[in-house]
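In what follows, a single structure is set out as structure tokens and then discussed.
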Amino acid sequence: MTEDSHLVVCTGVGAVRGAETAAAALAVGVAVRELGDTGTLLLDLRAAARNPRGTLLASGSARALESVCGAANTLRGAARGRVCFAVAKEGNDDMRDAAIEQALDPGFGAALVVCLCDPAEFRHCLARRVGARRSALLRAAPGVERPLLALTCRELLSERIPVKAWTAPIGPIPARRALAGLEPGGESGRRAARFAERLVPARRSRLKGGWSAPLRAEGAQALPAVLGISVLVVALALILTALGGAAGAKGRLQRAADLAALSTARSMRDDLPRLFLPPLLANGSPNPAHIGKDEYLDQARIAGADAAERNGMNPELVAVSFPDGGSFAPLRVRVAANGEFEVSGNAGTEGASTSVKAKAEIAPPTIPDPAGGTPTMASGGGYAGPLAYRQGKPMRPDVAVAFDRMTRAAAGAGVSLTINSGYRSDAEQQVLWEQNPDPRMVAPPGTSLHRCGTELDIGPPEVYGWLATNAGRFGFLQRYSWEAWHYGYTAGPEPCSAEGESGGVEPSRSGAGAGVHAKSDGELAGGGGLPGFVPARYRAMLLAAAARHDVSAALLAAQIMAESNFNPSAVSPAGAQGIAQFMPATALAYGLDDPFDPKQAIEAQATMMGELLAQFGSIELALAAYNAGPGAVAGCNCIPPYPETQAYVVRIMGLLGGAGELAVPPPALEVRLVA
């Protein structure tokens, strides 16, 4: 018989891959720490789990567990290095449940069971072990999944379940070593060792007779001391119970506030395009699609209050405010909440109160940084043109534009699409092939259409039905009947063709890698037109400056609307002056003698925007550079993480989209929990 087994449940968050590698590295980390004496079982309960294969070199404890699995009626195991890898003999739910129960049986011989499961089964697997000896390991990407990851970790900690998130990349060599049951080495090995220390406490010393043997050796003389210690332990337990109840209550309140902030921000994101639509139709009648600012904020408040109430908060104790509510398009929300709770184990206490805060915002999608290893041009495959990114996944730019349209249609139907995979080079395909050399599951290198930048693997499984019915409307075709997730873009140039090398769009300086537009910026104004919000006295100035510098007049107008609301006398708290809000030093650099002269200021603005568009090749990045400075943008080739700059870009792109001045709609905005 062994000590009670410790259960660690491991899964992936969102679309990230590599949960099995993280689980294996953790299992090996514990076995290394225990010098191979711990029977460690990695139980793969994913729907796609395959029978494990053993290796020639394996530890004695792993071999022993392999033998026990062979005699078991629910498990099939194989010793690999320091770990025994196992699966349920049958893939149905009943057999998987039975496999967990048998693996956790103290008589089975596994002191540690790492249970690898699909995200949908994560909670179910944790519930199989009610008690202190369980923990969780989450494999996640730090980008768009961070709010979901934070909420999951907070929820687990409120239930006193130790949890760690593995967000760092795992290289191919450490991954192979971990999956072979060997110490991964390098940073991955050190991280696995740290997580092992935090998630799986070291086994207690095996004294003959257990912990009670030294006490019995002292006879009755030790009894009073033992009783005194017991009283102290009970008192300490009552104190910790009270503190734990308070911490848990505050954790639940904080989680509810976070969800309320996210729900409020999602309402704002969904209604934001309507805020920019003209209030009147061409015939002068009210535009039913337009929404005013007051209604926009009221709808958001209602969404936040509903989310708070659904998560156990009294909506009367919740305050929803908008830090940038004075702007024409608020993008940030702040939720503050008060709550009372009883403190258990503390007789005579009426209760305690606490308060929590949460902040969320609407932000432009992240543009990957080429210097950080994410390229803006494809190489090493069948496609060598520019790359656009959606949800952090690369693809041909025309595919990204079509996916944006499909995403918006899906959202209107209550469906949320997630990209699991996009463009892959032959080298990346080679890694997948080596991990699973089965042509029915992974295409051999040099043959996969993913190398062409036209293919997307889309999930989760519950969207497959919607995709099958609607994807064709946006130019996407399900490539193979047995892969409900794989869709290729067929409305543009052929995959891996010479015509596709331009990214499926006309070459232009509004260019590669960050939301490519099909027309040059100078053509965005649609024949020289201007949005209806432009005052008559400035229209001729804008059109003339735009023509001289090949910049969209609509873009210049939207900038001025966001900068000063067409007030030529405006002065910001930071000292920016005039209708185009030039700082004095920048005004001097562009030969602007009088920033308060609208004609001079618009001319300098057009000059500056023309240069920034040529430098950064993207409307979004040029706008960010105008607001935050070219150095901040050039340093990361991204929209800097400054709330003011991100809101500035969102508002201007929204104005252009609402006025019909963009050749294609901007990418879908992200909702982020920021505090």
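If you're wondering about the labels, chains in the structure tokens are A, B, ... by order shown, residues count from 1 in each chain, ligands from 1 in order shown.
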
**Message:** Quick one: residues within 9 Å of segment 159-166 of chain A, only C-alpha atoms, excluding same-chain residues fewer than 2 positions away - as a ChimeraX atom specification?
**Reply:** /A:19,22,132-141,149,153-157,168-169,191,195,198-199,244,248

What does the file look like for those residues with N, CA and C atoms, as an mmCIF file, in the first residue's frame?
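New file result28.cif:
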```cif
data_model
loop_
_atom_site.group_PDB
_atom_site.id
_atom_site.type_symbol
_atom_site.label_atom_id
_atom_site.label_comp_id
_atom_site.auth_asym_id
_atom_site.auth_seq_id
_atom_site.Cartn_x
_atom_site.Cartn_y
_atom_site.Cartn_z
ATOM 1 N N ALA A 19 -0.461 20.838 -23.893
ATOM 2 C CA ALA A 19 -0.811 20.469 -22.523
ATOM 3 C C ALA A 19 -0.177 19.141 -22.147
ATOM 4 N N ALA A 22 3.454 19.727 -21.046
ATOM 5 C CA ALA A 22 3.531 20.312 -19.708
ATOM 6 C C ALA A 22 3.227 19.265 -18.642
ATOM 7 N N ALA A 132 -7.675 17.606 0.111
ATOM 8 C CA ALA A 132 -6.580 18.563 -0.016
ATOM 9 C C ALA A 132 -5.541 18.135 -1.037
ATOM 10 N N ARG A 133 -5.453 16.828 -1.318
ATOM 11 C CA ARG A 133 -4.348 16.339 -2.149
ATOM 12 C C ARG A 133 -4.730 16.345 -3.621
ATOM 13 N N ARG A 134 -4.983 17.529 -4.134
ATOM 14 C CA ARG A 134 -5.250 17.693 -5.563
ATOM 15 C C ARG A 134 -4.803 19.088 -5.959
ATOM 16 N N SER A 135 -4.420 19.252 -7.211
ATOM 17 C CA SER A 135 -3.962 20.537 -7.720
ATOM 18 C C SER A 135 -4.182 20.558 -9.227
ATOM 19 N N ALA A 136 -3.868 21.697 -9.851
ATOM 20 C CA ALA A 136 -4.170 21.875 -11.279
ATOM 21 C C ALA A 136 -3.002 22.541 -11.979
ATOM 22 N N LEU A 137 -2.784 22.137 -13.234
ATOM 23 C CA LEU A 137 -1.778 22.743 -14.100
ATOM 24 C C LEU A 137 -2.475 23.152 -15.388
ATOM 25 N N LEU A 138 -2.379 24.429 -15.753
ATOM 26 C CA LEU A 138 -3.043 24.963 -16.941
ATOM 27 C C LEU A 138 -1.993 25.373 -17.965
ATOM 28 N N ARG A 139 -2.131 24.855 -19.172
ATOM 29 C CA ARG A 139 -1.238 25.254 -20.272
ATOM 30 C C ARG A 139 -1.960 26.315 -21.077
ATOM 31 N N ALA A 140 -1.377 27.516 -21.180
ATOM 32 C CA ALA A 140 -2.074 28.623 -21.820
ATOM 33 C C ALA A 140 -1.088 29.543 -22.518
ATOM 34 N N ALA A 141 -1.589 30.292 -23.504
ATOM 35 C CA ALA A 141 -0.823 31.351 -24.149
ATOM 36 C C ALA A 141 -1.132 32.652 -23.417
ATOM 37 N N LEU A 149 -7.727 32.901 -18.332
ATOM 38 C CA LEU A 149 -6.772 32.209 -17.477
ATOM 39 C C LEU A 149 -6.806 32.784 -16.060
ATOM 40 N N CYS A 153 -7.825 30.690 -12.674
ATOM 41 C CA CYS A 153 -6.907 30.548 -11.529
ATOM 42 C C CYS A 153 -7.533 31.110 -10.261
ATOM 43 N N ARG A 154 -8.193 32.255 -10.388
ATOM 44 C CA ARG A 154 -8.808 32.853 -9.201
ATOM 45 C C ARG A 154 -9.892 31.945 -8.629
ATOM 46 N N GLU A 155 -10.666 31.329 -9.517
ATOM 47 C CA GLU A 155 -11.734 30.447 -9.069
ATOM 48 C C GLU A 155 -11.164 29.216 -8.360
ATOM 49 N N LEU A 156 -10.106 28.635 -8.906
ATOM 50 C CA LEU A 156 -9.504 27.459 -8.280
ATOM 51 C C LEU A 156 -8.892 27.800 -6.926
ATOM 52 N N LEU A 157 -8.206 28.922 -6.851
ATOM 53 C CA LEU A 157 -7.599 29.311 -5.585
ATOM 54 C C LEU A 157 -8.657 29.591 -4.525
ATOM 55 N N ALA A 168 4.909 29.815 -20.749
ATOM 56 C CA ALA A 168 6.142 29.946 -21.534
ATOM 57 C C ALA A 168 6.193 28.878 -22.626
ATOM 58 N N PRO A 169 6.826 29.174 -23.753
ATOM 59 C CA PRO A 169 6.944 28.167 -24.813
ATOM 60 C C PRO A 169 7.827 27.003 -24.384
ATOM 61 N N ARG A 191 11.537 25.038 -14.858
ATOM 62 C CA ARG A 191 10.141 25.417 -14.585
ATOM 63 C C ARG A 191 9.352 24.211 -14.083
ATOM 64 N N PHE A 195 7.354 24.001 -10.507
ATOM 65 C CA PHE A 195 5.936 23.665 -10.416
ATOM 66 C C PHE A 195 5.724 22.409 -9.585
ATOM 67 N N ARG A 198 5.679 23.348 -5.997
ATOM 68 C CA ARG A 198 4.489 24.093 -5.576
ATOM 69 C C ARG A 198 3.224 23.236 -5.592
ATOM 70 N N LEU A 199 3.101 22.353 -6.569
ATOM 71 C CA LEU A 199 1.853 21.622 -6.754
ATOM 72 C C LEU A 199 1.820 20.281 -6.039
ATOM 73 N N GLY A 244 -9.843 31.772 6.020
ATOM 74 C CA GLY A 244 -10.080 31.168 4.716
ATOM 75 C C GLY A 244 -11.457 31.501 4.187
ATOM 76 N N GLY A 248 -12.060 33.430 0.817
ATOM 77 C CA GLY A 248 -12.873 32.830 -0.239
ATOM 78 C C GLY A 248 -14.028 33.714 -0.647
#
```

**Prompt:** If you count only C-alpha atoms, which residues fall within 12 Å of Leu432 of chain A, apart from same-chain ones fewer than 2 positions away, as a PyMOL selection string?
**Reply:** chain A and resi 17-18+172+175-176+424-430+434-439+441-445+448

So that I have them on file, write out the residues from the current selection with C-alpha atoms, as a PDB file, in the first residue's frame.
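Writing done, so here's result-v8.pdb:
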```
ATOM      1  CA  ARG A  17      -1.399  23.305 -27.678  1.00  0.00           C
ATOM      2  CA  GLY A  18       1.159  21.389 -25.641  1.00  0.00           C
ATOM      3  CA  PRO A 172      10.809  20.835 -29.526  1.00  0.00           C
ATOM      4  CA  ALA A 175       9.097  18.501 -25.429  1.00  0.00           C
ATOM      5  CA  ARG A 176      10.426  15.255 -26.891  1.00  0.00           C
ATOM      6  CA  ARG A 424       2.651  26.810 -41.017  1.00  0.00           C
ATOM      7  CA  SER A 425       6.058  26.618 -42.664  1.00  0.00           C
ATOM      8  CA  ASP A 426       7.497  23.307 -43.808  1.00  0.00           C
ATOM      9  CA  ALA A 427       9.798  23.333 -40.759  1.00  0.00           C
ATOM     10  CA  GLU A 428       6.823  23.682 -38.418  1.00  0.00           C
ATOM     11  CA  GLN A 429       5.016  20.932 -40.312  1.00  0.00           C
ATOM     12  CA  GLN A 430       8.105  18.722 -39.922  1.00  0.00           C
ATOM     13  CA  GLU A 434       7.788  13.794 -36.258  1.00  0.00           C
ATOM     14  CA  GLN A 435       5.424  13.872 -33.284  1.00  0.00           C
ATOM     15  CA  ASN A 436       2.688  12.030 -35.180  1.00  0.00           C
ATOM     16  CA  PRO A 437       3.904  10.471 -38.470  1.00  0.00           C
ATOM     17  CA  ASP A 438       0.452   9.344 -39.578  1.00  0.00           C
ATOM     18  CA  PRO A 439      -0.671  10.851 -42.935  1.00  0.00           C
ATOM     19  CA  MET A 441      -3.740  12.826 -39.041  1.00  0.00           C
ATOM     20  CA  VAL A 442      -0.836  15.058 -40.153  1.00  0.00           C
ATOM     21  CA  ALA A 443       0.103  15.897 -43.741  1.00  0.00           C
ATOM     22  CA  PRO A 444       3.778  15.187 -44.578  1.00  0.00           C
ATOM     23  CA  PRO A 445       6.004  18.294 -44.882  1.00  0.00           C
ATOM     24  CA  SER A 448       0.067  20.565 -46.319  1.00  0.00           C
TER      25      SER A 448
END
```

**Message:** Quick check, in Å to one decimal: how far apart do atom CA of Leu669 of chain A and atom CA of Ala120 of chain A lie?
**Reply:**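 Spanning atom CA of Leu669 of chain A to atom CA of Ala120 of chain A is a straight-line distance of 26.4 Å.
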
**Message:** Give me, as an MDAnalysis selection string, the residues of segment 319-481 of chain A that a backbone DSSP run labels helix (DSSP H, G or I).
**Reply:** chainID A and resid 370:372 397:412 426:435 449:452 461:474

With N, CA and C atoms retained, could you export that selection as a CSV table (one decimal), in the first residue's frame?
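Output file selection_34.csv is given in full below:
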```
chain,number,residue,atom,x,y,z
A,370,PRO,N,7.7,41.5,-35.0
A,370,PRO,CA,8.7,40.7,-35.7
A,370,PRO,C,10.0,40.5,-34.9
A,371,ALA,N,10.4,41.5,-34.2
A,371,ALA,CA,11.7,41.3,-33.4
A,371,ALA,C,11.6,40.3,-32.4
A,372,GLY,N,10.4,40.0,-31.9
A,372,GLY,CA,10.2,38.9,-30.9
A,372,GLY,C,10.0,37.6,-31.5
A,397,PRO,N,-3.2,37.9,-46.1
A,397,PRO,CA,-4.1,39.0,-45.7
A,397,PRO,C,-5.5,38.9,-46.2
A,398,ASP,N,-5.7,38.4,-47.4
A,398,ASP,CA,-7.1,38.4,-47.9
A,398,ASP,C,-7.9,37.3,-47.1
A,399,VAL,N,-7.2,36.3,-46.6
A,399,VAL,CA,-7.9,35.3,-45.7
A,399,VAL,C,-8.3,36.0,-44.4
A,400,ALA,N,-7.4,36.9,-43.9
A,400,ALA,CA,-7.7,37.6,-42.7
A,400,ALA,C,-9.0,38.5,-42.8
A,401,VAL,N,-9.0,39.2,-44.0
A,401,VAL,CA,-10.2,40.1,-44.2
A,401,VAL,C,-11.5,39.2,-44.3
A,402,ALA,N,-11.4,38.1,-45.0
A,402,ALA,CA,-12.6,37.3,-45.1
A,402,ALA,C,-13.0,36.7,-43.7
A,403,PHE,N,-12.0,36.3,-42.9
A,403,PHE,CA,-12.3,35.8,-41.6
A,403,PHE,C,-12.9,36.9,-40.7
A,404,ASP,N,-12.5,38.1,-40.9
A,404,ASP,CA,-13.1,39.2,-40.1
A,404,ASP,C,-14.6,39.3,-40.4
A,405,ARG,N,-15.0,39.2,-41.7
A,405,ARG,CA,-16.4,39.3,-42.1
A,405,ARG,C,-17.2,38.1,-41.5
A,406,MET,N,-16.5,36.9,-41.6
A,406,MET,CA,-17.2,35.7,-41.0
A,406,MET,C,-17.4,35.8,-39.5
A,407,THR,N,-16.3,36.3,-38.8
A,407,THR,CA,-16.4,36.5,-37.4
A,407,THR,C,-17.6,37.4,-37.0
A,408,ARG,N,-17.7,38.5,-37.7
A,408,ARG,CA,-18.8,39.4,-37.3
A,408,ARG,C,-20.2,38.7,-37.6
A,409,ALA,N,-20.3,38.0,-38.7
A,409,ALA,CA,-21.6,37.3,-38.9
A,409,ALA,C,-21.8,36.3,-37.8
A,410,ALA,N,-20.8,35.5,-37.5
A,410,ALA,CA,-21.0,34.5,-36.4
A,410,ALA,C,-21.4,35.1,-35.1
A,411,ALA,N,-20.7,36.3,-34.7
A,411,ALA,CA,-21.1,37.0,-33.5
A,411,ALA,C,-22.5,37.4,-33.5
A,412,GLY,N,-23.0,37.8,-34.6
A,412,GLY,CA,-24.4,38.2,-34.7
A,412,GLY,C,-25.4,37.0,-34.5
A,426,ASP,N,7.1,24.7,-43.7
A,426,ASP,CA,7.5,23.3,-43.8
A,426,ASP,C,8.2,22.8,-42.6
A,427,ALA,N,9.1,23.7,-42.0
A,427,ALA,CA,9.8,23.3,-40.8
A,427,ALA,C,8.8,23.1,-39.6
A,428,GLU,N,7.8,23.9,-39.5
A,428,GLU,CA,6.8,23.7,-38.4
A,428,GLU,C,6.0,22.4,-38.7
A,429,GLN,N,5.7,22.2,-40.0
A,429,GLN,CA,5.0,20.9,-40.3
A,429,GLN,C,5.9,19.7,-40.0
A,430,GLN,N,7.2,19.8,-40.2
A,430,GLN,CA,8.1,18.7,-39.9
A,430,GLN,C,8.0,18.3,-38.5
A,431,VAL,N,8.0,19.3,-37.6
A,431,VAL,CA,7.9,19.0,-36.1
A,431,VAL,C,6.6,18.3,-35.8
A,432,LEU,N,5.5,18.7,-36.4
A,432,LEU,CA,4.2,18.0,-36.2
A,432,LEU,C,4.3,16.6,-36.7
A,433,TRP,N,4.9,16.4,-37.9
A,433,TRP,CA,5.0,15.1,-38.5
A,433,TRP,C,5.9,14.2,-37.7
A,434,GLU,N,6.9,14.7,-37.1
A,434,GLU,CA,7.8,13.8,-36.3
A,434,GLU,C,7.1,13.4,-35.0
A,435,GLN,N,6.2,14.2,-34.5
A,435,GLN,CA,5.4,13.9,-33.3
A,435,GLN,C,4.3,12.9,-33.6
A,449,LEU,N,-1.6,22.1,-47.1
A,449,LEU,CA,-2.1,23.4,-47.6
A,449,LEU,C,-1.9,24.5,-46.6
A,450,HIS,N,-1.6,24.2,-45.4
A,450,HIS,CA,-1.4,25.2,-44.4
A,450,HIS,C,-0.1,26.1,-44.8
A,451,ARG,N,0.8,25.5,-45.5
A,451,ARG,CA,2.0,26.2,-45.9
A,451,ARG,C,1.7,27.3,-46.9
A,452,CYS,N,0.4,27.3,-47.4
A,452,CYS,CA,0.0,28.3,-48.4
A,452,CYS,C,-0.6,29.6,-47.8
A,461,PRO,N,-15.6,22.8,-31.1
A,461,PRO,CA,-16.4,21.9,-31.8
A,461,PRO,C,-17.9,22.3,-31.9
A,462,GLU,N,-18.4,23.1,-30.9
A,462,GLU,CA,-19.8,23.5,-31.0
A,462,GLU,C,-20.1,24.5,-32.2
A,463,VAL,N,-19.0,25.0,-32.9
A,463,VAL,CA,-19.3,25.9,-34.0
A,463,VAL,C,-19.3,25.2,-35.3
A,464,TYR,N,-19.0,23.9,-35.3
A,464,TYR,CA,-18.8,23.1,-36.6
A,464,TYR,C,-20.1,23.2,-37.4
A,465,GLY,N,-21.2,23.1,-36.8
A,465,GLY,CA,-22.5,23.1,-37.5
A,465,GLY,C,-22.7,24.5,-38.2
A,466,TRP,N,-22.4,25.6,-37.5
A,466,TRP,CA,-22.6,26.9,-38.0
A,466,TRP,C,-21.6,27.1,-39.2
A,467,LEU,N,-20.4,26.6,-39.1
A,467,LEU,CA,-19.4,26.7,-40.2
A,467,LEU,C,-19.9,26.0,-41.4
A,468,ALA,N,-20.4,24.8,-41.2
A,468,ALA,CA,-20.8,23.9,-42.3
A,468,ALA,C,-21.9,24.6,-43.1
A,469,THR,N,-22.7,25.4,-42.4
A,469,THR,CA,-23.9,26.0,-43.1
A,469,THR,C,-23.5,27.4,-43.7
A,470,ASN,N,-22.6,28.1,-43.1
A,470,ASN,CA,-22.4,29.5,-43.4
A,470,ASN,C,-21.0,29.9,-44.0
A,471,ALA,N,-20.0,29.0,-43.8
A,471,ALA,CA,-18.6,29.4,-44.2
A,471,ALA,C,-18.5,29.7,-45.7
A,472,GLY,N,-19.3,29.0,-46.5
A,472,GLY,CA,-19.2,29.2,-47.9
A,472,GLY,C,-19.6,30.6,-48.4
A,473,ARG,N,-20.4,31.3,-47.6
A,473,ARG,CA,-20.8,32.7,-47.9
A,473,ARG,C,-19.6,33.6,-47.9
A,474,PHE,N,-18.6,33.3,-47.1
A,474,PHE,CA,-17.4,34.1,-47.0
A,474,PHE,C,-16.2,33.6,-47.7
```

**Request:** Fewer than 5 positions away in the same chain doesn't count, so skip those; otherwise give me all residues within 9 Å of Met608 of chain A, counting only C-alpha atoms, as a list of chain:residue names.
**Result:** A:Tyr590, A:Glu603, A:Leu613, A:Tyr626

**Message:** I want to know what sits within 12 Å of Asn627 of chain A, based on only C-alpha atoms, with residues of the same chain fewer than 5 positions away left out; could you give that as a ChimeraX atom specification?
**Reply:** /A:559-560,562-563,576,580-583,586,605,608-609,612,620-622,632-633,639-640,642-649,652

**Asked** Which residue, A:Ala547, A:Leu556, A:Leu41, A:Ile419, has the smallest gap to Tyr487 of chain A when you use only C-alpha atoms?
**Response** A:Ile419
